[in-house]
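Undergrad: Contents of work.pdb (PDB, C-alpha atoms, pLDDT in the B column) are below:
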ATOM      1  CA  MET A  11      33.954 -10.188  95.050  1.00 48.00           C
ATOM      2  CA  SER A  12      30.942 -10.152  92.753  1.00 45.00           C
ATOM      3  CA  LYS A  13      31.241 -11.818  89.377  1.00 49.00           C
ATOM      4  CA  HIS A  14      28.109 -10.089  88.108  1.00 41.00           C
ATOM      5  CA  PRO A  15      28.290  -6.332  88.715  1.00 42.00           C
ATOM      6  CA  PRO A  16      25.089  -4.348  88.182  1.00 42.00           C
ATOM      7  CA  MET A  17      24.754  -2.475  84.915  1.00 39.00           C
ATOM      8  CA  ASN A  18      23.446   0.666  86.588  1.00 41.00           C
ATOM      9  CA  ALA A  19      25.161   0.437  89.941  1.00 41.00           C
ATOM     10  CA  SER A  20      24.216   3.230  92.316  1.00 42.00           C
ATOM     11  CA  SER A  21      25.977   3.595  95.624  1.00 50.00           C
ATOM     12  CA  SER A  22      26.971   6.215  98.118  1.00 71.00           C
ATOM     13  CA  PHE A  23      30.516   4.893  97.658  1.00 88.00           C
ATOM     14  CA  ASP A  24      32.045   7.006  94.886  1.00 96.00           C
ATOM     15  CA  VAL A  25      34.733   5.035  93.076  1.00 98.00           C
ATOM     16  CA  ARG A  26      36.349   8.133  91.555  1.00 97.00           C
ATOM     17  CA  LEU A  27      39.573   8.881  93.390  1.00 97.00           C
ATOM     18  CA  GLY A  28      39.231  12.608  92.757  1.00 95.00           C
ATOM     19  CA  LYS A  29      36.015  12.710  94.815  1.00 96.00           C
ATOM     20  CA  TRP A  30      37.833  11.599  97.965  1.00 96.00           C
ATOM     21  CA  THR A  31      39.441  13.827 100.561  1.00 95.00           C
ATOM     22  CA  ARG A  32      42.998  13.153 101.658  1.00 95.00           C
ATOM     23  CA  ARG A  33      41.761  11.896 105.050  1.00 96.00           C
ATOM     24  CA  GLU A  34      39.277   9.486 103.485  1.00 96.00           C
ATOM     25  CA  PHE A  35      41.918   8.099 101.165  1.00 97.00           C
ATOM     26  CA  ARG A  36      44.565   7.870 103.873  1.00 97.00           C
ATOM     27  CA  GLN A  37      42.275   6.039 106.262  1.00 97.00           C
ATOM     28  CA  ALA A  38      41.066   3.582 103.612  1.00 97.00           C
ATOM     29  CA  MET A  39      44.627   2.793 102.539  1.00 97.00           C
ATOM     30  CA  GLN A  40      45.790   2.389 106.139  1.00 97.00           C
ATOM     31  CA  ALA A  41      42.878   0.026 106.793  1.00 97.00           C
ATOM     32  CA  ASP A  42      43.995  -2.112 103.815  1.00 97.00           C
ATOM     33  CA  GLN A  43      40.616  -1.508 102.173  1.00 97.00           C
ATOM     34  CA  LEU A  44      41.926  -0.336  98.796  1.00 98.00           C
ATOM     35  CA  LYS A  45      43.261  -3.275  96.811  1.00 98.00           C
ATOM     36  CA  GLY A  46      43.398  -1.969  93.258  1.00 98.00           C
ATOM     37  CA  CYS A  47      43.098   1.036  90.986  1.00 98.00           C
ATOM     38  CA  ILE A  48      41.962   1.551  87.400  1.00 98.00           C
ATOM     39  CA  LEU A  49      43.712   4.250  85.373  1.00 98.00           C
ATOM     40  CA  PRO A  50      41.665   5.089  82.235  1.00 98.00           C
ATOM     41  CA  LEU A  51      43.418   6.282  79.077  1.00 98.00           C
ATOM     42  CA  ALA A  52      41.531   7.681  76.117  1.00 95.00           C
ATOM     43  CA  ALA A  53      41.429  10.502  73.569  1.00 94.00           C
ATOM     44  CA  VAL A  54      39.503  13.578  72.501  1.00 93.00           C
ATOM     45  CA  GLU A  55      39.207  13.295  68.737  1.00 93.00           C
ATOM     46  CA  GLN A  56      36.799  13.330  65.823  1.00 92.00           C
ATOM     47  CA  HIS A  57      34.229  10.543  65.751  1.00 95.00           C
ATOM     48  CA  LEU A  58      32.751  11.052  62.284  1.00 95.00           C
ATOM     49  CA  GLU A  59      29.980  13.594  61.853  1.00 94.00           C
ATOM     50  CA  HIS A  60      27.570  12.121  64.366  1.00 97.00           C
ATOM     51  CA  MET A  61      29.388  11.659  67.683  1.00 97.00           C
ATOM     52  CA  ALA A  62      30.980  14.036  70.168  1.00 97.00           C
ATOM     53  CA  MET A  63      34.761  14.095  70.319  1.00 96.00           C
ATOM     54  CA  GLU A  64      34.887  13.002  73.970  1.00 97.00           C
ATOM     55  CA  HIS A  65      33.577   9.531  73.087  1.00 97.00           C
ATOM     56  CA  ASP A  66      36.674   7.490  73.979  1.00 96.00           C
ATOM     57  CA  TRP A  67      36.970   9.178  77.373  1.00 97.00           C
ATOM     58  CA  ARG A  68      33.300   8.721  78.206  1.00 97.00           C
ATOM     59  CA  SER A  69      33.182   5.078  77.119  1.00 98.00           C
ATOM     60  CA  VAL A  70      36.290   3.914  78.981  1.00 98.00           C
ATOM     61  CA  ASN A  71      35.069   5.661  82.113  1.00 98.00           C
ATOM     62  CA  VAL A  72      31.641   4.013  81.895  1.00 98.00           C
ATOM     63  CA  VAL A  73      33.412   0.661  81.830  1.00 98.00           C
ATOM     64  CA  ALA A  74      35.980   1.556  84.508  1.00 98.00           C
ATOM     65  CA  ARG A  75      33.391   2.846  86.951  1.00 98.00           C
ATOM     66  CA  GLN A  76      31.123  -0.179  86.556  1.00 98.00           C
ATOM     67  CA  VAL A  77      34.059  -2.526  87.107  1.00 98.00           C
ATOM     68  CA  ALA A  78      35.124  -0.602  90.215  1.00 98.00           C
ATOM     69  CA  GLU A  79      31.552  -0.534  91.522  1.00 97.00           C
ATOM     70  CA  GLY A  80      31.355  -4.299  91.055  1.00 97.00           C
ATOM     71  CA  LEU A  81      34.420  -4.643  93.298  1.00 98.00           C
ATOM     72  CA  SER A  82      33.384  -1.923  95.770  1.00 96.00           C
ATOM     73  CA  PRO A  83      34.798  -0.841  98.185  1.00 97.00           C
ATOM     74  CA  HIS A  84      38.187  -2.189  97.130  1.00 98.00           C
ATOM     75  CA  VAL A  85      38.851  -0.426  93.805  1.00 98.00           C
ATOM     76  CA  LEU A  86      39.092   3.213  92.742  1.00 98.00           C
ATOM     77  CA  VAL A  87      39.211   4.896  89.334  1.00 98.00           C
ATOM     78  CA  ALA A  88      41.932   7.527  88.873  1.00 98.00           C
ATOM     79  CA  GLN A  89      40.773   9.898  86.122  1.00 93.00           C
ATOM     80  CA  GLY A  90      44.075  11.536  85.260  1.00 86.00           C
ATOM     81  CA  ILE A  91      44.247  12.211  81.515  1.00 90.00           C
ATOM     82  CA  MET A  92      41.676  12.675  78.743  1.00 82.00           C
ATOM     83  CA  ALA A  93      43.809  13.298  75.652  1.00 82.00           C
ATOM     84  CA  GLY A  94      45.827  10.591  73.923  1.00 77.00           C
ATOM     85  CA  ILE A  95      47.847  10.002  70.757  1.00 84.00           C
ATOM     86  CA  SER A  96      45.612  11.212  67.915  1.00 86.00           C
ATOM     87  CA  GLU A  97      47.949  12.749  65.358  1.00 81.00           C
ATOM     88  CA  HIS A  98      46.299  10.596  62.678  1.00 86.00           C
ATOM     89  CA  HIS A  99      43.024  12.506  63.241  1.00 81.00           C
ATOM     90  CA  MET A 100      44.420  16.040  63.268  1.00 79.00           C
ATOM     91  CA  ARG A 101      43.165  16.764  59.747  1.00 80.00           C
ATOM     92  CA  HIS A 102      39.787  17.116  61.468  1.00 84.00           C
ATOM     93  CA  PRO A 103      39.953  20.392  63.452  1.00 78.00           C
ATOM     94  CA  GLY A 104      38.992  20.111  67.094  1.00 81.00           C
ATOM     95  CA  THR A 105      40.880  16.883  67.743  1.00 84.00           C
ATOM     96  CA  LEU A 106      43.339  17.101  70.633  1.00 85.00           C
ATOM     97  CA  THR A 107      46.577  15.132  70.556  1.00 86.00           C
ATOM     98  CA  LEU A 108      49.696  14.517  72.580  1.00 86.00           C
ATOM     99  CA  SER A 109      52.998  13.443  71.091  1.00 89.00           C
ATOM    100  CA  PRO A 110      53.894   9.842  71.993  1.00 91.00           C
ATOM    101  CA  GLY A 111      56.728  11.007  74.228  1.00 93.00           C
ATOM    102  CA  THR A 112      54.528  13.450  76.132  1.00 94.00           C
ATOM    103  CA  PHE A 113      51.720  10.912  76.466  1.00 94.00           C
ATOM    104  CA  LEU A 114      53.975   8.161  77.795  1.00 96.00           C
ATOM    105  CA  SER A 115      55.664  10.579  80.161  1.00 95.00           C
ATOM    106  CA  VAL A 116      52.285  11.539  81.627  1.00 96.00           C
ATOM    107  CA  VAL A 117      51.206   7.884  81.874  1.00 97.00           C
ATOM    108  CA  ASN A 118      54.467   7.142  83.677  1.00 97.00           C
ATOM    109  CA  ASP A 119      53.907  10.011  86.125  1.00 95.00           C
ATOM    110  CA  LEU A 120      50.360   8.890  86.854  1.00 97.00           C
ATOM    111  CA  ILE A 121      51.456   5.303  87.494  1.00 98.00           C
ATOM    112  CA  ASP A 122      54.212   6.647  89.735  1.00 97.00           C
ATOM    113  CA  SER A 123      51.637   8.683  91.678  1.00 96.00           C
ATOM    114  CA  LEU A 124      49.441   5.619  92.227  1.00 98.00           C
ATOM    115  CA  VAL A 125      52.375   3.451  93.285  1.00 98.00           C
ATOM    116  CA  ARG A 126      53.476   6.100  95.768  1.00 96.00           C
ATOM    117  CA  ALA A 127      49.879   6.230  97.054  1.00 97.00           C
ATOM    118  CA  GLY A 128      50.201   2.567  97.977  1.00 98.00           C
ATOM    119  CA  PHE A 129      48.485   0.645  95.180  1.00 98.00           C
ATOM    120  CA  LYS A 130      49.990  -2.754  94.344  1.00 97.00           C
ATOM    121  CA  ASN A 131      47.479  -3.717  91.639  1.00 98.00           C
ATOM    122  CA  ILE A 132      46.960  -1.192  88.848  1.00 98.00           C
ATOM    123  CA  LEU A 133      44.978  -1.806  85.671  1.00 98.00           C
ATOM    124  CA  VAL A 134      45.678   0.791  82.992  1.00 98.00           C
ATOM    125  CA  LEU A 135      42.450   0.563  81.011  1.00 98.00           C
ATOM    126  CA  ASN A 136      42.655   1.974  77.509  1.00 97.00           C
ATOM    127  CA  GLY A 137      39.811   3.363  75.404  1.00 96.00           C
ATOM    128  CA  HIS A 138      41.646   4.583  72.284  1.00 94.00           C
ATOM    129  CA  GLY A 139      43.373   2.498  69.615  1.00 92.00           C
ATOM    130  CA  GLY A 140      46.117   5.051  68.973  1.00 91.00           C
ATOM    131  CA  ASN A 141      47.472   4.528  72.495  1.00 94.00           C
ATOM    132  CA  VAL A 142      47.963   0.779  72.169  1.00 95.00           C
ATOM    133  CA  ILE A 143      51.280   0.290  70.357  1.00 95.00           C
ATOM    134  CA  PRO A 144      53.178   3.047  72.213  1.00 96.00           C
ATOM    135  CA  CYS A 145      52.066   1.609  75.558  1.00 96.00           C
ATOM    136  CA  GLN A 146      52.813  -1.982  74.591  1.00 95.00           C
ATOM    137  CA  GLN A 147      56.294  -1.042  73.432  1.00 94.00           C
ATOM    138  CA  THR A 148      57.010   0.762  76.703  1.00 95.00           C
ATOM    139  CA  TRP A 149      55.360  -1.607  79.182  1.00 95.00           C
ATOM    140  CA  ASP A 150      58.481  -3.652  79.792  1.00 94.00           C
ATOM    141  CA  GLN A 151      60.194  -0.525  81.127  1.00 94.00           C
ATOM    142  CA  PHE A 152      57.252   0.328  83.392  1.00 96.00           C
ATOM    143  CA  LEU A 153      57.239  -3.194  84.822  1.00 96.00           C
ATOM    144  CA  ARG A 154      60.955  -3.092  85.568  1.00 94.00           C
ATOM    145  CA  ARG A 155      60.680   0.302  87.199  1.00 95.00           C
ATOM    146  CA  TYR A 156      57.664  -0.234  89.431  1.00 95.00           C
ATOM    147  CA  GLN A 157      57.853  -3.928  90.344  1.00 93.00           C
ATOM    148  CA  ILE A 158      54.102  -4.190  91.013  1.00 96.00           C
ATOM    149  CA  ASN A 159      51.177  -5.987  89.405  1.00 97.00           C
ATOM    150  CA  LEU A 160      50.733  -3.493  86.555  1.00 98.00           C
ATOM    151  CA  HIS A 161      48.563  -4.405  83.558  1.00 98.00           C
ATOM    152  CA  PHE A 162      47.654  -2.648  80.313  1.00 98.00           C
ATOM    153  CA  LEU A 163      44.434  -3.629  78.566  1.00 97.00           C
ATOM    154  CA  SER A 164      42.059  -2.004  76.089  1.00 97.00           C
ATOM    155  CA  TYR A 165      38.510  -2.528  77.332  1.00 98.00           C
ATOM    156  CA  TRP A 166      37.451  -4.320  74.139  1.00 96.00           C
ATOM    157  CA  ASP A 167      40.309  -6.850  74.425  1.00 96.00           C
ATOM    158  CA  VAL A 168      38.080  -9.124  76.510  1.00 96.00           C
ATOM    159  CA  LEU A 169      35.731  -9.637  73.545  1.00 95.00           C
ATOM    160  CA  GLY A 170      36.280 -12.314  70.933  1.00 91.00           C
ATOM    161  CA  GLN A 171      34.978 -13.214  67.510  1.00 88.00           C
ATOM    162  CA  GLU A 172      32.055 -15.130  68.978  1.00 90.00           C
ATOM    163  CA  ASP A 173      30.888 -12.002  70.799  1.00 92.00           C
ATOM    164  CA  ALA A 174      31.257  -9.849  67.699  1.00 90.00           C
ATOM    165  CA  LEU A 175      29.373 -12.292  65.487  1.00 89.00           C
ATOM    166  CA  GLU A 176      26.568 -12.578  68.016  1.00 92.00           C
ATOM    167  CA  LEU A 177      26.164  -8.918  68.929  1.00 92.00           C
ATOM    168  CA  LEU A 178      27.156  -6.961  65.813  1.00 92.00           C
ATOM    169  CA  GLU A 179      25.629  -6.955  62.337  1.00 90.00           C
ATOM    170  CA  GLY A 180      27.986  -4.942  60.162  1.00 79.00           C
ATOM    171  CA  GLY A 181      31.746  -4.898  59.642  1.00 60.00           C
ATOM    172  CA  HIS A 182      34.394  -4.995  62.379  1.00 58.00           C
ATOM    173  CA  ARG A 183      33.315  -8.433  63.521  1.00 63.00           C
ATOM    174  CA  LEU A 184      36.776  -9.878  64.042  1.00 66.00           C
ATOM    175  CA  PRO A 185      38.560  -9.295  67.380  1.00 67.00           C
ATOM    176  CA  GLU A 186      41.393  -7.425  65.677  1.00 71.00           C
ATOM    177  CA  ASP A 187      38.856  -5.059  64.081  1.00 76.00           C
ATOM    178  CA  LEU A 188      37.124  -4.056  67.317  1.00 84.00           C
ATOM    179  CA  PRO A 189      35.933  -1.575  68.278  1.00 91.00           C
ATOM    180  CA  GLY A 190      36.000   0.205  64.903  1.00 89.00           C
ATOM    181  CA  HIS A 191      35.908   3.988  64.809  1.00 91.00           C
ATOM    182  CA  ALA A 192      32.554   5.654  65.523  1.00 93.00           C
ATOM    183  CA  GLN A 193      30.770   2.784  63.807  1.00 93.00           C
ATOM    184  CA  GLU A 194      28.279   0.197  65.036  1.00 94.00           C
ATOM    185  CA  PHE A 195      30.158  -0.758  68.238  1.00 95.00           C
ATOM    186  CA  GLU A 196      31.024   2.714  69.487  1.00 96.00           C
ATOM    187  CA  THR A 197      27.732   4.228  68.362  1.00 97.00           C
ATOM    188  CA  SER A 198      25.871   1.560  70.330  1.00 97.00           C
ATOM    189  CA  MET A 199      27.928   2.328  73.444  1.00 98.00           C
ATOM    190  CA  ALA A 200      27.104   6.023  73.127  1.00 98.00           C
ATOM    191  CA  MET A 201      23.410   5.387  72.505  1.00 98.00           C
ATOM    192  CA  LYS A 202      23.191   3.398  75.735  1.00 98.00           C
ATOM    193  CA  TRP A 203      25.294   5.460  78.130  1.00 98.00           C
ATOM    194  CA  PHE A 204      25.451   9.031  76.817  1.00 98.00           C
ATOM    195  CA  PRO A 205      22.881   9.430  74.012  1.00 98.00           C
ATOM    196  CA  GLU A 206      23.164  13.214  74.173  1.00 98.00           C
ATOM    197  CA  ASN A 207      26.512  12.795  72.362  1.00 98.00           C
ATOM    198  CA  VAL A 208      24.899  11.183  69.297  1.00 97.00           C
ATOM    199  CA  ARG A 209      23.553  13.450  66.544  1.00 96.00           C
ATOM    200  CA  ALA A 210      20.890  11.274  64.965  1.00 93.00           C
ATOM    201  CA  ALA A 211      20.350  13.450  61.897  1.00 94.00           C
ATOM    202  CA  ALA A 212      24.045  13.412  61.022  1.00 95.00           C
ATOM    203  CA  MET A 213      24.055   9.619  60.955  1.00 93.00           C
ATOM    204  CA  HIS A 214      21.966   9.756  57.774  1.00 92.00           C
ATOM    205  CA  ASP A 215      23.974  12.309  55.798  1.00 90.00           C
ATOM    206  CA  GLN A 216      27.524  10.944  56.065  1.00 92.00           C
ATOM    207  CA  GLN A 217      29.272   8.472  53.786  1.00 90.00           C
ATOM    208  CA  ASP A 218      29.851   5.783  56.427  1.00 89.00           C
ATOM    209  CA  ARG A 219      26.485   4.106  56.986  1.00 91.00           C
ATOM    210  CA  SER A 220      27.562   1.558  59.603  1.00 91.00           C
ATOM    211  CA  PRO A 221      26.640   3.815  62.569  1.00 94.00           C
ATOM    212  CA  LEU A 222      23.005   3.337  61.550  1.00 95.00           C
ATOM    213  CA  LEU A 223      23.316  -0.249  62.817  1.00 95.00           C
ATOM    214  CA  GLY A 224      24.007   0.984  66.331  1.00 96.00           C
ATOM    215  CA  THR A 225      21.374   0.521  69.045  1.00 97.00           C
ATOM    216  CA  SER A 226      21.135   1.097  72.764  1.00 98.00           C
ATOM    217  CA  GLU A 227      20.387  -2.596  73.245  1.00 98.00           C
ATOM    218  CA  LYS A 228      23.647  -3.583  71.579  1.00 97.00           C
ATOM    219  CA  GLY A 229      25.486  -1.070  73.724  1.00 97.00           C
ATOM    220  CA  GLU A 230      24.070  -2.607  76.882  1.00 98.00           C
ATOM    221  CA  ALA A 231      24.857  -6.167  75.781  1.00 97.00           C
ATOM    222  CA  LEU A 232      28.427  -5.263  74.810  1.00 97.00           C
ATOM    223  CA  THR A 233      28.989  -3.420  78.067  1.00 98.00           C
ATOM    224  CA  ARG A 234      27.611  -6.239  80.184  1.00 98.00           C
ATOM    225  CA  ARG A 235      30.069  -8.732  78.732  1.00 97.00           C
ATOM    226  CA  ILE A 236      32.984  -6.328  78.901  1.00 98.00           C
ATOM    227  CA  VAL A 237      32.309  -5.291  82.499  1.00 98.00           C
ATOM    228  CA  THR A 238      31.747  -8.848  83.719  1.00 98.00           C
ATOM    229  CA  ARG A 239      34.995 -10.094  82.184  1.00 98.00           C
ATOM    230  CA  LEU A 240      37.065  -7.108  83.275  1.00 98.00           C
ATOM    231  CA  THR A 241      35.677  -7.419  86.796  1.00 98.00           C
ATOM    232  CA  ASP A 242      36.843 -11.031  86.889  1.00 98.00           C
ATOM    233  CA  TYR A 243      40.209  -9.968  85.430  1.00 98.00           C
ATOM    234  CA  LEU A 244      40.817  -7.320  88.084  1.00 98.00           C
ATOM    235  CA  ALA A 245      39.522  -9.587  90.851  1.00 98.00           C
ATOM    236  CA  GLU A 246      42.127 -12.165  89.814  1.00 98.00           C
ATOM    237  CA  MET A 247      44.797  -9.473  89.879  1.00 98.00           C
ATOM    238  CA  ILE A 248      43.828  -8.556  93.439  1.00 98.00           C
ATOM    239  CA  GLN A 249      43.647 -12.194  94.524  1.00 97.00           C
ATOM    240  CA  GLY A 250      47.135 -12.815  93.146  1.00 96.00           C
ATOM    241  CA  THR A 251      46.120 -15.360  90.519  1.00 96.00           C
ATOM    242  CA  LYS A 252      46.801 -12.994  87.612  1.00 96.00           C
ATOM    243  CA  GLU A 253      50.215 -11.460  88.075  1.00 94.00           C
ATOM    244  CA  GLN A 254      52.267  -9.444  85.628  1.00 87.00           C
ATOM    245  CA  THR A 255      55.749 -10.836  85.231  1.00 82.00           C
ATOM    246  CA  ILE A 256      58.840  -8.977  84.083  1.00 80.00           C
ATOM    247  CA  PRO A 257      60.139 -10.412  80.784  1.00 72.00           C
ATOM    248  CA  PRO A 258      63.563 -12.011  81.091  1.00 75.00           C
ATOM    249  CA  PHE A 259      66.521  -9.989  79.959  1.00 69.00           C
ATOM    250  CA  HIS A 260      68.593 -11.491  77.159  1.00 67.00           C
ATOM    251  CA  PRO A 261      72.014  -9.806  76.807  1.00 68.00           C
TER
END
Can you give me the file's structure in the form of structure tokens?

TA:
Amino acid sequence: MSKHPPMNASSSFDVRLGKWTRREFRQAMQADQLKGCILPLAAVEQHLEHMAMEHDWRSVNVVARQVAEGLSPHVLVAQGIMAGISEHHMRHPGTLTLSPGTFLSVVNDLIDSLVRAGFKNILVLNGHGGNVIPCQQTWDQFLRRYQINLHFLSYWDVLGQEDALELLEGGHRLPEDLPGHAQEFETSMAMKWFPENVRAAAMHDQQDRSPLLGTSEKGEALTRRIVTRLTDYLAEMIQGTKEQTIPPFHP
């Protein structure tokens, strides 16, 4: 498995599960070709005045697809849910949100679907900060129920302070601050991978000036590190050297 996936991988092998027919999927699973699956989680919410509200969904899918392409043909991406827990952004009309209970119920059902499909290694890859605590607090129950190698990770979790200090100029340069909200980090990601979602003029007439530090070059550098490290992470999951263990029960 490649440790250095291409940044602009192009292949006739489509890693998106939804693009497959039932026969294609069945035959690949029966042939023991499919070793892992990435389930992206995100949100549709306001991203200041200058970025489209689909940002979290687009960014996590850019990362997920590049990771899967780096491990082709063994990994698929299951694009099951766009909206997340965004109640804290609802004062900005247009944001979509799910209640925590609804969100976790859908996540559970999607994991259940993938387990029943035959996947033994599932990486739930998150792209929205509001999803983190609810998932972390529930993960123990998912692990006990499914008894597979099931991991939850936000895509920026593989970055550290050294990366932030090297690649970013403004605030949000500590690991616990990443990725920030619609600021230098996320604006750079959008500029590189979906620039049509960035309204350049609006970046100059809003109070938060940090998006002006965003560049396509930073977006590419951030993505390269994230994708390389997540590819190694998922490869280790598949190889059995990174296994999720069920926490012990203390009565």

Undergrad: In Å, with one decimal, what is the gap from atom CA of Glu196 of chain A to atom CA of Lys228 of chain A?

TA: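 Between these atoms lies a distance of 9.9 Å.
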
Undergrad: Find the residues around segment 49-52 of chain A up to 10 Å (all atoms listed in the file counted), leave out those fewer than 4 positions away in its own chain, and share them as a ChimeraX atom specification.

TA: /A:64-71,73-75,86-96,113,117,120-121,124,132-142,162-165

Undergrad: So what does the PyMOL selection byres ((chain A and resi 59) around 9) actually pick up in this one, as a PyMOL selection string?

TA: chain A and resi 56-58+60-62+209+212-213+215-216

Undergrad: Since we have the selection now, will you write its residues out, keeping C-alpha atoms, as a CSV table (one decimal), keeping the file's coordinate frame?

TA:
chain,number,residue,atom,x,y,z
A,56,GLN,CA,36.8,13.3,65.8
A,57,HIS,CA,34.2,10.5,65.8
A,58,LEU,CA,32.8,11.1,62.3
A,60,HIS,CA,27.6,12.1,64.4
A,61,MET,CA,29.4,11.7,67.7
A,62,ALA,CA,31.0,14.0,70.2
A,209,ARG,CA,23.6,13.4,66.5
A,212,ALA,CA,24.0,13.4,61.0
A,213,MET,CA,24.1,9.6,61.0
A,215,ASP,CA,24.0,12.3,55.8
A,216,GLN,CA,27.5,10.9,56.1

Undergrad: What's the separation between atom CA of Pro221 of chain A and atom CA of Thr197 of chain A, in Å to one decimal place?

TA: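 Computing it gives 5.9 Å between the two atoms.
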
Undergrad: Return the single residue from A:Tyr156, A:Ala245, A:Thr233, A:Pro205 that is closest to Gly80 of chain A, with distances computed using all atoms listed in the file.

TA: A:Ala245

Undergrad: Could you tell me how far atom CA of Pro258 of chain A lies from atom CA of His161 of chain A, in Å and to one decimal?

TA: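 Computing the Euclidean distance for atom CA of Pro258 of chain A and atom CA of His161 of chain A yields 17.0 Å.
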
Undergrad: For Arg154 of chain A, find every residue with an atom within 12 Å (counting all atoms listed in the file), except residues of its own chain fewer than 6 positions away, and show them as an mmCIF file with C-alpha atoms, keeping the file's coordinate frame.

TA:
data_model
loop_
_atom_site.group_PDB
_atom_site.id
_atom_site.type_symbol
_atom_site.label_atom_id
_atom_site.label_comp_id
_atom_site.auth_asym_id
_atom_site.auth_seq_id
_atom_site.Cartn_x
_atom_site.Cartn_y
_atom_site.Cartn_z
ATOM 1 C CA THR A 148 57.010 0.762 76.703
ATOM 2 C CA LEU A 160 50.733 -3.493 86.555
ATOM 3 C CA GLN A 254 52.267 -9.444 85.628
ATOM 4 C CA THR A 255 55.749 -10.836 85.231
ATOM 5 C CA ILE A 256 58.840 -8.977 84.083
ATOM 6 C CA PRO A 257 60.139 -10.412 80.784
ATOM 7 C CA PRO A 258 63.563 -12.011 81.091
ATOM 8 C CA PHE A 259 66.521 -9.989 79.959
#

Undergrad: Ranking A:Gly250, A:Gly229, A:Pro189, A:Pro103 by minimum distance to Val72 of chain A and counting only C-alpha atoms, which one comes first?

TA: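 Result for the nearest residue to Val72 of chain A: A:Gly229.
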
Undergrad: Could you state which residues are captured by the PyMOL selection byres ((chain A and resi 174) around 12) in this file, as a ChimeraX atom specification?

TA: /A:166-173,175-190,194-195,228,231-232,235-236

Undergrad: Name the residues that the PyMOL selection byres ((chain A and resi 54) around 6) picks from the file above, as a count of residues only, using the file's chain letters and numbers.

TA: 7

Undergrad: Smallest atom-to-atom distance to Lys252 of chain A: which of A:Ile158, A:Cys145, A:Ala127, A:Val237, using all atoms listed in the file?

TA: A:Ile158
